[in-house]
Amino acid sequence: MSILSCPLPQRTSERILLGHGGGGRLTNQLIEDIFLPAFASTARHAHHDGALLNVGGGRLAMTTDTYVVHPLIFPGGTIGDLAVNGTVNDLAMCGAQPIALSAGFVLEEGLPMETLVCVVNSMRDAALVAHVPIVTGDTKVVDNGKGDGIFINTTGIGRVIAPNVIGPESVRAGDVVIISGNLGDHGIAILSVRAGLEFEGPVSSDTASLWPSVEALLEAGIEIHCMRDLTRGGLSSALNEIATVAGLRITVEEALIPVSDIVRGACELLGLDPLYVANEGRFAIFVAEADAERAITVLRGQSVSNGAVNVGAVHEHRSGIVTVRSRIGGNRVLDMMSGEQLPRIC
Amino acid sequence: MKFLDEYRQYDSVQRMALEIRRKTTRPWTIMEVCGGQTYTIVKSGLQELLPPLVSLVHGPGCPVCVTPIAMIDRAVATALLPLVILCSFGDMLRVPGSTQSLLDAKSLGADVRIVYSPLDALQIARANPTRETVFFAVGFETTAPANAMAVWQAAKENLANFSMLVSHVLVPPAMKAVLASPDCQVQAFLAAGHACMVTGYEEYVDIAQRYRIPIVVTGFEPLDLLEGVLMLISQLEEGLTIVENQYTRAVQKVGNLQAQARVSEVFEITHRAWRGIGEIPDSGLRLRDQYRSMDAEFKFGIQLADAKESTECIAGLVLQGLRKPYDCPAFASSCTPDRPLGAPMVSSEGACAAYFHFGRRKEDVHSLVSLASKNQ
């Protein structure tokens, strides 16, 4: 009982860990420490889902994303849907109507042609629904064992329709936080297939284009201050990024955050927190309090966001922070995810 | 959600908290033994509902936190052996060893897999007959029965490519170690409900009598914890030192006899080093001699350099409830969940990580309290 010290000299990561791709703090470190110093002069919009470009008097948004998912085909979608919807959504979050996408494929030697056809067809279908053509592409093949079947990169450009600047810098104290529907469906759908788990009912990925909802909000003349799709790192990472850039405090009510019973049960069982689980067809919207009710009505009129609810608000604070009021009435800080979310022992 | 929502209900929780405030007349320090309880307390902001006179300190019941550094080093070295598949519960992966964690080993090419049960590891062993599957068996009495079952099943099937790296620990010796410390401030225990589900709580009667300390076997939901606190406060205020069971829906006094029989068939009690605390006599489990062929420690006979301990981190004091995580100079500065110095910063059940993630920094506590008073 004499040695009351605990282990370890401080270390820094000398190699890439899986957590560097998790969308949480490690990913941010990678951006801050490696990418921004290298690209800082040109990458002006690193904290947003896409870059805004002034081209010939018009405003364009440009974004790129790479998709790596196992399994390639899962309940509710495929890697192909994700690759189209994800990039369309990144454009939508800039208030931009998608104009065109590119598609780059890294295929693994030995991949069944049938799988590729299935994935490509789902891309075609998703692109049709989103009214966006896939206009250019590229293919590379790597040795068997050196890829996970299919990796896809999509890049998208879109026309900025929103009249005002949409981004964390436009968020104001007094704004309301709206979420477009149930959280966690995509992450749990993937996990249940991966782990061979079955729950009381089917859980399907929520992968979908969010542009119809954004377009409806813009057409209704609602001034959107900020939007963020709740992908890797879930709600907590999105809110933390916004709070940090805005330098404001975001508060959410745990009891108001919509999570289906099946996803809640799965998270309890697996030792995960639904606020950190990935979504592929959900987003958070910040609007002035006066616009909140109308925004929710408009969102509920679109199938992809028919579960829209008000979950919180923005307040002045000395620094960016996100807090949650728990179901029992206690407060806690909702921190950004560190590395990957690892299941608890018991 | 059935069986959970009723224990997280705002009204019942507030009523219970009010009752605690009414009963409390003096300052009391209560230790929740189990990391799962710490997680609920911090995640639900439960301390805020308690009167300022009641202070909760966090105990050593986090399996991830107390697994000795030498054992992490051994797991990393085993994972890096050719042909080995090392299976582990998820939150052991980030725990730092002397130089590496299992996640680091994975980034070097080791086959490290997250499983939810030792029986999954058994299935991996069956499916990979030409490779060696090793399960990293950590945890308290709660996980021991399933681990014993896996060993028993592997022996029955003559599954020669399955083995276990065992680092099991026991709750009661750790509680005694906390009480034996000359600086101990703990006046009552919320005992770990899930461990008691297996072992029962007869052993705790002796601790309560010998150390004159009230103990309440308690569950893991906010309402469970508040009811446990209320039962302890009632005892403390009346000067009682008995064992009570709050978690009656899961725990019986004698525990689960079948599970106990399987555990003692496979495991025997041994001395065990606790990370940050040191060796505690008779505080762990190891495989019995007839299962030695399945003990990865002997099977692979890895020789390790001495484990390196640093002096900066005060995890040992935190695990005994002698300090709060934010009292550590390294907390949230040189020690974060991304670069943990000590194991309690790793698992979500670890007191330091729980404080870090849920904002229990000293300044945050003050800021939240002022927010709460504004909201009322």
# chains A, B, ... in the order shown; residues from 1 in each chain; ligands from 1
>>> select_by_dssp(residues="range 233-341 of chain B", states="strand (DSSP E or B)", output="ChimeraX atom specification")
/B:243-245,267-274,278-287,295,313,331,335
>>> write_last_selection(atoms="N, CA and C atoms", output="PDB file, in the first residue's frame")
ATOM      1  N   VAL B 243     -25.381  -4.105   7.528  1.00  0.00           N
ATOM      2  CA  VAL B 243     -25.425  -4.277   6.078  1.00  0.00           C
ATOM      3  C   VAL B 243     -26.884  -4.335   5.650  1.00  0.00           C
ATOM      4  N   GLU B 244     -27.236  -3.521   4.674  1.00  0.00           N
ATOM      5  CA  GLU B 244     -28.592  -3.561   4.133  1.00  0.00           C
ATOM      6  C   GLU B 244     -28.511  -3.762   2.626  1.00  0.00           C
ATOM      7  N   ASN B 245     -29.618  -4.210   2.064  1.00  0.00           N
ATOM      8  CA  ASN B 245     -29.652  -4.467   0.626  1.00  0.00           C
ATOM      9  C   ASN B 245     -30.676  -3.556  -0.046  1.00  0.00           C
ATOM     10  N   PHE B 267     -11.240 -21.234 -10.490  1.00  0.00           N
ATOM     11  CA  PHE B 267     -10.293 -20.251  -9.945  1.00  0.00           C
ATOM     12  C   PHE B 267      -9.987 -20.517  -8.478  1.00  0.00           C
ATOM     13  N   GLU B 268      -8.835 -20.006  -8.020  1.00  0.00           N
ATOM     14  CA  GLU B 268      -8.542 -19.989  -6.583  1.00  0.00           C
ATOM     15  C   GLU B 268      -8.044 -18.601  -6.206  1.00  0.00           C
ATOM     16  N   ILE B 269      -8.152 -18.310  -4.895  1.00  0.00           N
ATOM     17  CA  ILE B 269      -7.787 -16.968  -4.420  1.00  0.00           C
ATOM     18  C   ILE B 269      -6.270 -16.809  -4.367  1.00  0.00           C
ATOM     19  N   THR B 270      -5.813 -15.635  -4.731  1.00  0.00           N
ATOM     20  CA  THR B 270      -4.367 -15.373  -4.761  1.00  0.00           C
ATOM     21  C   THR B 270      -4.102 -13.909  -4.381  1.00  0.00           C
ATOM     22  N   HIS B 271      -2.835 -13.592  -4.063  1.00  0.00           N
ATOM     23  CA  HIS B 271      -2.462 -12.186  -3.869  1.00  0.00           C
ATOM     24  C   HIS B 271      -2.510 -11.493  -5.224  1.00  0.00           C
ATOM     25  N   ARG B 272      -2.819 -10.227  -5.220  1.00  0.00           N
ATOM     26  CA  ARG B 272      -2.888  -9.536  -6.510  1.00  0.00           C
ATOM     27  C   ARG B 272      -2.406  -8.096  -6.328  1.00  0.00           C
ATOM     28  N   ALA B 273      -1.589  -7.639  -7.255  1.00  0.00           N
ATOM     29  CA  ALA B 273      -1.181  -6.234  -7.237  1.00  0.00           C
ATOM     30  C   ALA B 273      -2.293  -5.401  -7.859  1.00  0.00           C
ATOM     31  N   TRP B 274      -2.600  -4.245  -7.272  1.00  0.00           N
ATOM     32  CA  TRP B 274      -3.611  -3.324  -7.806  1.00  0.00           C
ATOM     33  C   TRP B 274      -2.883  -2.108  -8.330  1.00  0.00           C
ATOM     34  N   GLY B 278      -0.972  -1.061  -5.034  1.00  0.00           N
ATOM     35  CA  GLY B 278       0.035  -2.006  -4.575  1.00  0.00           C
ATOM     36  C   GLY B 278      -0.584  -3.366  -4.310  1.00  0.00           C
ATOM     37  N   GLU B 279       0.217  -4.292  -3.757  1.00  0.00           N
ATOM     38  CA  GLU B 279      -0.313  -5.644  -3.555  1.00  0.00           C
ATOM     39  C   GLU B 279      -1.276  -5.690  -2.369  1.00  0.00           C
ATOM     40  N   ILE B 280      -2.404  -6.355  -2.572  1.00  0.00           N
ATOM     41  CA  ILE B 280      -3.361  -6.588  -1.493  1.00  0.00           C
ATOM     42  C   ILE B 280      -3.473  -8.110  -1.332  1.00  0.00           C
ATOM     43  N   PRO B 281      -3.241  -8.613  -0.111  1.00  0.00           N
ATOM     44  CA  PRO B 281      -3.278 -10.064   0.076  1.00  0.00           C
ATOM     45  C   PRO B 281      -4.661 -10.640  -0.239  1.00  0.00           C
ATOM     46  N   ASP B 282      -4.656 -11.828  -0.792  1.00  0.00           N
ATOM     47  CA  ASP B 282      -5.905 -12.569  -1.075  1.00  0.00           C
ATOM     48  C   ASP B 282      -6.953 -11.717  -1.781  1.00  0.00           C
ATOM     49  N   SER B 283      -6.512 -10.919  -2.732  1.00  0.00           N
ATOM     50  CA  SER B 283      -7.448  -9.984  -3.351  1.00  0.00           C
ATOM     51  C   SER B 283      -7.735 -10.301  -4.816  1.00  0.00           C
ATOM     52  N   GLY B 284      -7.276 -11.469  -5.282  1.00  0.00           N
ATOM     53  CA  GLY B 284      -7.520 -11.775  -6.687  1.00  0.00           C
ATOM     54  C   GLY B 284      -7.819 -13.237  -6.926  1.00  0.00           C
ATOM     55  N   LEU B 285      -8.058 -13.571  -8.174  1.00  0.00           N
ATOM     56  CA  LEU B 285      -8.298 -14.959  -8.563  1.00  0.00           C
ATOM     57  C   LEU B 285      -7.261 -15.370  -9.588  1.00  0.00           C
ATOM     58  N   ARG B 286      -6.847 -16.637  -9.536  1.00  0.00           N
ATOM     59  CA  ARG B 286      -6.020 -17.201 -10.619  1.00  0.00           C
ATOM     60  C   ARG B 286      -6.562 -18.585 -10.946  1.00  0.00           C
ATOM     61  N   LEU B 287      -6.147 -19.113 -12.100  1.00  0.00           N
ATOM     62  CA  LEU B 287      -6.641 -20.424 -12.508  1.00  0.00           C
ATOM     63  C   LEU B 287      -6.074 -21.496 -11.576  1.00  0.00           C
ATOM     64  N   ASP B 295      -3.553 -21.185 -18.864  1.00  0.00           N
ATOM     65  CA  ASP B 295      -3.114 -19.910 -18.310  1.00  0.00           C
ATOM     66  C   ASP B 295      -2.070 -19.300 -19.257  1.00  0.00           C
ATOM     67  N   CYS B 313       1.261  11.025 -11.425  1.00  0.00           N
ATOM     68  CA  CYS B 313      -0.177  10.780 -11.310  1.00  0.00           C
ATOM     69  C   CYS B 313      -0.548  10.261  -9.916  1.00  0.00           C
ATOM     70  N   PHE B 331      -4.220  16.340 -13.987  1.00  0.00           N
ATOM     71  CA  PHE B 331      -5.592  16.196 -14.474  1.00  0.00           C
ATOM     72  C   PHE B 331      -5.945  17.246 -15.519  1.00  0.00           C
ATOM     73  N   CYS B 335      -2.549  14.920 -18.497  1.00  0.00           N
ATOM     74  CA  CYS B 335      -3.285  13.652 -18.503  1.00  0.00           C
ATOM     75  C   CYS B 335      -4.712  13.876 -19.014  1.00  0.00           C
TER      76      CYS B 335
END
>>> select_by_dssp(residues="range 26-227 of chain B", states="alpha helix (DSSP H)", output="PyMOL selection string")
chain B and resi 35-43+63-66+69-79+102-107+118-127+144-156+171-180+193-199+202-211+222-227
>>> write_last_selection(atoms="C-alpha atoms", output="short mmCIF file (atom, residue, chain, number, x, y, z; two decimals), in the first residue's frame")
data_model
loop_
_atom_site.label_atom_id
_atom_site.label_comp_id
_atom_site.auth_asym_id
_atom_site.auth_seq_id
_atom_site.Cartn_x
_atom_site.Cartn_y
_atom_site.Cartn_z
CA GLY B 35 -16.91 2.31 -11.22
CA GLY B 36 -20.31 1.71 -12.80
CA GLN B 37 -21.85 3.68 -9.94
CA THR B 38 -19.33 6.49 -10.39
CA TYR B 39 -20.32 6.62 -14.06
CA THR B 40 -24.03 7.03 -13.25
CA ILE B 41 -23.35 9.62 -10.53
CA VAL B 42 -21.26 11.80 -12.78
CA LYS B 43 -23.29 11.26 -15.95
CA PRO B 63 -11.52 -3.19 -13.29
CA VAL B 64 -9.80 -1.21 -16.02
CA CYS B 65 -8.22 1.13 -13.48
CA VAL B 66 -6.82 -1.42 -11.08
CA ILE B 69 0.64 -2.14 -15.40
CA ALA B 70 2.73 -5.35 -15.58
CA MET B 71 -0.39 -7.19 -16.70
CA ILE B 72 -1.06 -4.63 -19.45
CA ASP B 73 2.57 -5.05 -20.56
CA ARG B 74 2.05 -8.81 -20.61
CA ALA B 75 -1.15 -8.48 -22.65
CA VAL B 76 0.62 -6.20 -25.16
CA ALA B 77 3.58 -8.60 -25.45
CA THR B 78 1.23 -11.56 -25.87
CA ALA B 79 -0.78 -9.76 -28.55
CA LEU B 102 -3.28 -2.69 -26.78
CA LEU B 103 -4.46 -0.07 -29.30
CA ASP B 104 -0.80 0.76 -29.98
CA ALA B 105 -0.11 -2.96 -30.42
CA LYS B 106 -3.01 -3.11 -32.87
CA SER B 107 -1.55 -0.23 -34.89
CA PRO B 118 -15.40 -14.66 -23.08
CA LEU B 119 -17.68 -17.11 -24.89
CA ASP B 120 -17.17 -15.02 -28.06
CA ALA B 121 -13.42 -15.56 -27.61
CA LEU B 122 -14.10 -19.28 -27.35
CA GLN B 123 -15.93 -19.11 -30.66
CA ILE B 124 -12.97 -17.29 -32.23
CA ALA B 125 -10.67 -20.08 -30.95
CA ARG B 126 -12.89 -22.74 -32.54
CA ALA B 127 -12.97 -20.87 -35.83
CA ALA B 144 -15.69 -14.15 -13.01
CA PRO B 145 -18.55 -16.64 -13.61
CA ALA B 146 -18.60 -16.13 -17.38
CA ASN B 147 -14.82 -16.35 -17.53
CA ALA B 148 -14.88 -19.53 -15.43
CA MET B 149 -17.52 -20.91 -17.74
CA ALA B 150 -15.35 -20.25 -20.80
CA VAL B 151 -12.38 -22.08 -19.26
CA TRP B 152 -14.58 -24.97 -18.17
CA GLN B 153 -16.13 -25.21 -21.63
CA ALA B 154 -12.73 -25.03 -23.39
CA ALA B 155 -11.42 -27.84 -21.16
CA LYS B 156 -14.50 -29.91 -21.93
CA VAL B 171 -14.10 -6.32 -3.99
CA PRO B 172 -14.09 -7.02 -0.20
CA PRO B 173 -10.27 -7.04 0.19
CA ALA B 174 -10.14 -3.68 -1.60
CA MET B 175 -12.76 -2.24 0.77
CA LYS B 176 -10.68 -3.46 3.71
CA ALA B 177 -7.57 -1.90 2.18
CA VAL B 178 -9.38 1.44 1.89
CA LEU B 179 -10.48 1.22 5.53
CA ALA B 180 -7.00 0.23 6.72
CA GLY B 193 -24.64 -4.46 -6.50
CA HIS B 194 -23.55 -6.54 -9.46
CA ALA B 195 -20.61 -8.14 -7.66
CA CYS B 196 -22.99 -9.00 -4.80
CA MET B 197 -25.42 -10.53 -7.28
CA VAL B 198 -22.79 -13.27 -7.70
CA THR B 199 -21.26 -13.48 -4.23
CA GLU B 202 -22.50 -12.33 3.90
CA GLU B 203 -18.84 -11.34 3.74
CA TYR B 204 -19.83 -7.69 4.12
CA VAL B 205 -21.48 -8.35 7.49
CA ASP B 206 -18.06 -9.08 8.90
CA ILE B 207 -16.59 -5.89 7.41
CA ALA B 208 -19.44 -3.78 8.81
CA GLN B 209 -18.94 -5.22 12.28
CA ARG B 210 -15.17 -5.21 12.34
CA TYR B 211 -14.75 -1.67 11.02
CA PRO B 222 -29.91 7.18 -10.25
CA LEU B 223 -32.85 6.17 -8.05
CA ASP B 224 -30.95 3.12 -6.76
CA LEU B 225 -27.99 5.27 -5.80
CA LEU B 226 -30.11 7.89 -4.06
CA GLU B 227 -32.01 5.23 -2.15
#
>>> closest_residue(among="A:Val309, A:Glu108, A:Glu293, A:Gly265", to="chain B", atoms="only C-alpha atoms")
A:Gly265
>>> closest_residue(among="A:Thr297, A:Thr251, A:Ser326, A:Thr244", to="chain B", atoms="only C-alpha atoms")
A:Ser326
>>> atom_distance(atom1="CA of Val115 in chain B", atom2="CA of Met294 in chain B")
18.6 Å
>>> closest_atom_pairs(of="chain B", to="chain A", cutoff="6 Å", atoms="only C-alpha atoms", output="tab-separated table")
residue	atom	partner	partner_atom	distance
B:Tyr10	CA	A:Ile328	CA	4.4
B:Ser44	CA	A:Ser326	CA	5.3
B:Gly45	CA	A:Gly330	CA	4.0
B:Leu46	CA	A:Gly330	CA	5.8
B:Phe89	CA	A:Ile345	CA	5.7
B:Gly90	CA	A:Pro343	CA	4.9
B:Asp91	CA	A:Leu342	CA	5.4
B:Ser98	CA	A:Leu8	CA	5.9
B:Gly276	CA	A:Cys6	CA	4.6
B:Ile277	CA	A:Leu4	CA	5.4
B:Gly278	CA	A:Met1	CA	5.0
B:Glu309	CA	A:Pro7	CA	3.9
B:Ser310	CA	A:Pro7	CA	4.6
B:Thr311	CA	A:Ser5	CA	5.3
B:Cys313	CA	A:Cys6	CA	5.2
B:Ile314	CA	A:Ser5	CA	5.3
B:Ala315	CA	A:Cys6	CA	5.3
B:Gly316	CA	A:Leu4	CA	4.5
B:Asp338	CA	A:Ser338	CA	5.9
B:Leu341	CA	A:Leu8	CA	5.4
B:Gly342	CA	A:Cys6	CA	5.6
B:His357	CA	A:Asp335	CA	5.2
B:Phe358	CA	A:Val333	CA	4.6
B:Gly359	CA	A:Val333	CA	4.6
>>> write_last_selection(atoms="C-alpha atoms", output="PDB file, in the first residue's frame")
ATOM      1  CA  TYR B  10     -37.468  12.926 -12.472  1.00  0.00           C
ATOM      2  CA  SER B  44     -26.617  12.101 -14.322  1.00  0.00           C
ATOM      3  CA  GLY B  45     -25.243  14.988 -12.272  1.00  0.00           C
ATOM      4  CA  LEU B  46     -26.435  13.267  -9.119  1.00  0.00           C
ATOM      5  CA  PHE B  89     -13.310  -6.086 -23.400  1.00  0.00           C
ATOM      6  CA  GLY B  90     -13.343  -2.765 -25.278  1.00  0.00           C
ATOM      7  CA  ASP B  91     -12.224  -0.332 -22.635  1.00  0.00           C
ATOM      8  CA  SER B  98       4.819   0.926 -19.585  1.00  0.00           C
ATOM      9  CA  GLY B 276      -1.757   2.564  -8.161  1.00  0.00           C
ATOM     10  CA  ILE B 277      -2.442   0.861  -4.821  1.00  0.00           C
ATOM     11  CA  GLY B 278       0.035  -2.006  -4.575  1.00  0.00           C
ATOM     12  CA  GLU B 309       5.495   3.632 -12.815  1.00  0.00           C
ATOM     13  CA  SER B 310       5.509   7.419 -12.934  1.00  0.00           C
ATOM     14  CA  THR B 311       5.373   9.695  -9.921  1.00  0.00           C
ATOM     15  CA  CYS B 313      -0.177  10.780 -11.310  1.00  0.00           C
ATOM     16  CA  ILE B 314      -2.097  10.330  -8.047  1.00  0.00           C
ATOM     17  CA  ALA B 315      -4.427   7.564  -9.249  1.00  0.00           C
ATOM     18  CA  GLY B 316      -3.739   5.468  -6.153  1.00  0.00           C
ATOM     19  CA  ASP B 338      -6.345  10.787 -25.398  1.00  0.00           C
ATOM     20  CA  LEU B 341      -1.070   8.981 -17.563  1.00  0.00           C
ATOM     21  CA  GLY B 342      -3.081   6.693 -15.341  1.00  0.00           C
ATOM     22  CA  HIS B 357     -15.891  13.778 -19.852  1.00  0.00           C
ATOM     23  CA  PHE B 358     -18.699  15.066 -17.733  1.00  0.00           C
ATOM     24  CA  GLY B 359     -16.977  18.268 -16.775  1.00  0.00           C
TER      25      GLY B 359
END
>>> residues_around(residues="range 207-215 of chain A", least_positions_apart="4", cutoff="10 Å", atoms="only C-alpha atoms", output="number ranges by chain")
A: 76-79, 81-98, 126-127, 129-131, 161-162, 180, 185-186, 219-222, 224, 227, 229, 279-283, 285, 295, 298-306
>>> residues_around(residues="range 59-66 of chain A", least_positions_apart="3", cutoff="8 Å", atoms="only C-alpha atoms", output="list in words")
Asp49, Gly50, Ala51, Leu52, Leu53, Asn54, Val55, Ala83, Gly86, Thr87, Asp90, Leu91, Cys94, Ala96, Phe151, Ile152, Asn153, Thr154, Thr155, Gly156, Ile157, Gly158, Arg159 and Val160 of chain A
>>> residues_around(residues="Pro337 in chain B", least_positions_apart="3", cutoff="6 Å", atoms="only C-alpha atoms", output="PyMOL selection string")
chain B and resi 340+345-346
>>> closest_residue(among="B:Val318, B:Val251, B:Leu159, B:Pro329", to="Cys352 in chain B", atoms="only C-alpha atoms")
B:Val318
>>> atom_distance(atom1="CA of Ile166 in chain A", atom2="CA of Leu217 in chain A")
12.7 Å
>>> closest_residue(among="A:Ile250, A:Leu197, A:Ala103, A:Ala278", to="Gly233 in chain A", atoms="only C-alpha atoms")
A:Ala278
>>> atom_distance(atom1="CA of Ser102 in chain A", atom2="CA of Asp138 in chain A")
8.4 Å
>>> residues_around(residues="Leu232 in chain B", least_positions_apart="6", cutoff="12 Å", atoms="only C-alpha atoms", output="ChimeraX atom specification")
/B:20,23-24,28-32,54,56,187-191,213-218,225-226,238-246
>>> residues_around(residues="range 83-87 of chain B", least_positions_apart="4", cutoff="8 Å", atoms="only C-alpha atoms", output="PyMOL selection string")
chain B and resi 75+78-79+110-115+121+130-136
>>> decode(residues="range 188-246 of chain B", atoms="C-alpha atoms", output="PDB file, in the first residue's frame")
ATOM      1  CA  ALA B 188     -20.026   4.412   4.788  1.00  0.00           C
ATOM      2  CA  PHE B 189     -20.053   2.246   1.659  1.00  0.00           C
ATOM      3  CA  LEU B 190     -22.413   1.908  -1.246  1.00  0.00           C
ATOM      4  CA  ALA B 191     -21.394  -1.669  -2.078  1.00  0.00           C
ATOM      5  CA  ALA B 192     -21.284  -2.887  -5.672  1.00  0.00           C
ATOM      6  CA  GLY B 193     -24.638  -4.455  -6.501  1.00  0.00           C
ATOM      7  CA  HIS B 194     -23.546  -6.538  -9.464  1.00  0.00           C
ATOM      8  CA  ALA B 195     -20.608  -8.142  -7.661  1.00  0.00           C
ATOM      9  CA  CYS B 196     -22.994  -8.996  -4.796  1.00  0.00           C
ATOM     10  CA  MET B 197     -25.418 -10.530  -7.275  1.00  0.00           C
ATOM     11  CA  VAL B 198     -22.791 -13.273  -7.702  1.00  0.00           C
ATOM     12  CA  THR B 199     -21.257 -13.482  -4.230  1.00  0.00           C
ATOM     13  CA  GLY B 200     -24.113 -12.402  -1.990  1.00  0.00           C
ATOM     14  CA  TYR B 201     -23.229 -10.115   0.906  1.00  0.00           C
ATOM     15  CA  GLU B 202     -22.500 -12.335   3.899  1.00  0.00           C
ATOM     16  CA  GLU B 203     -18.839 -11.339   3.735  1.00  0.00           C
ATOM     17  CA  TYR B 204     -19.829  -7.689   4.122  1.00  0.00           C
ATOM     18  CA  VAL B 205     -21.478  -8.352   7.491  1.00  0.00           C
ATOM     19  CA  ASP B 206     -18.059  -9.084   8.898  1.00  0.00           C
ATOM     20  CA  ILE B 207     -16.586  -5.891   7.406  1.00  0.00           C
ATOM     21  CA  ALA B 208     -19.435  -3.777   8.809  1.00  0.00           C
ATOM     22  CA  GLN B 209     -18.944  -5.218  12.278  1.00  0.00           C
ATOM     23  CA  ARG B 210     -15.168  -5.206  12.338  1.00  0.00           C
ATOM     24  CA  TYR B 211     -14.752  -1.672  11.015  1.00  0.00           C
ATOM     25  CA  ARG B 212     -18.007  -0.313  12.481  1.00  0.00           C
ATOM     26  CA  ILE B 213     -19.154   1.023   9.143  1.00  0.00           C
ATOM     27  CA  PRO B 214     -22.578   0.953   7.475  1.00  0.00           C
ATOM     28  CA  ILE B 215     -22.788  -0.794   4.114  1.00  0.00           C
ATOM     29  CA  VAL B 216     -25.690  -0.762   1.653  1.00  0.00           C
ATOM     30  CA  VAL B 217     -25.615  -3.089  -1.348  1.00  0.00           C
ATOM     31  CA  THR B 218     -26.722  -0.722  -4.119  1.00  0.00           C
ATOM     32  CA  GLY B 219     -27.765  -0.774  -7.770  1.00  0.00           C
ATOM     33  CA  PHE B 220     -26.632   1.398 -10.638  1.00  0.00           C
ATOM     34  CA  GLU B 221     -29.497   3.662 -11.670  1.00  0.00           C
ATOM     35  CA  PRO B 222     -29.909   7.182 -10.248  1.00  0.00           C
ATOM     36  CA  LEU B 223     -32.848   6.169  -8.050  1.00  0.00           C
ATOM     37  CA  ASP B 224     -30.945   3.117  -6.762  1.00  0.00           C
ATOM     38  CA  LEU B 225     -27.986   5.268  -5.799  1.00  0.00           C
ATOM     39  CA  LEU B 226     -30.106   7.888  -4.061  1.00  0.00           C
ATOM     40  CA  GLU B 227     -32.007   5.233  -2.150  1.00  0.00           C
ATOM     41  CA  GLY B 228     -28.672   3.673  -1.157  1.00  0.00           C
ATOM     42  CA  VAL B 229     -27.441   7.067   0.043  1.00  0.00           C
ATOM     43  CA  LEU B 230     -30.679   7.610   1.990  1.00  0.00           C
ATOM     44  CA  MET B 231     -30.314   4.217   3.698  1.00  0.00           C
ATOM     45  CA  LEU B 232     -26.701   5.027   4.626  1.00  0.00           C
ATOM     46  CA  ILE B 233     -27.556   8.523   5.906  1.00  0.00           C
ATOM     47  CA  SER B 234     -30.308   7.030   8.069  1.00  0.00           C
ATOM     48  CA  GLN B 235     -27.811   4.569   9.550  1.00  0.00           C
ATOM     49  CA  LEU B 236     -25.124   7.225  10.018  1.00  0.00           C
ATOM     50  CA  GLU B 237     -27.505   9.657  11.685  1.00  0.00           C
ATOM     51  CA  GLU B 238     -28.759   6.921  14.012  1.00  0.00           C
ATOM     52  CA  GLY B 239     -25.295   5.483  14.681  1.00  0.00           C
ATOM     53  CA  LEU B 240     -26.016   2.089  13.100  1.00  0.00           C
ATOM     54  CA  THR B 241     -23.402  -0.043  11.328  1.00  0.00           C
ATOM     55  CA  ILE B 242     -25.247  -2.819   9.590  1.00  0.00           C
ATOM     56  CA  VAL B 243     -25.425  -4.277   6.078  1.00  0.00           C
ATOM     57  CA  GLU B 244     -28.592  -3.561   4.133  1.00  0.00           C
ATOM     58  CA  ASN B 245     -29.652  -4.467   0.626  1.00  0.00           C
ATOM     59  CA  GLN B 246     -31.117  -1.741  -1.571  1.00  0.00           C
TER      60      GLN B 246
END
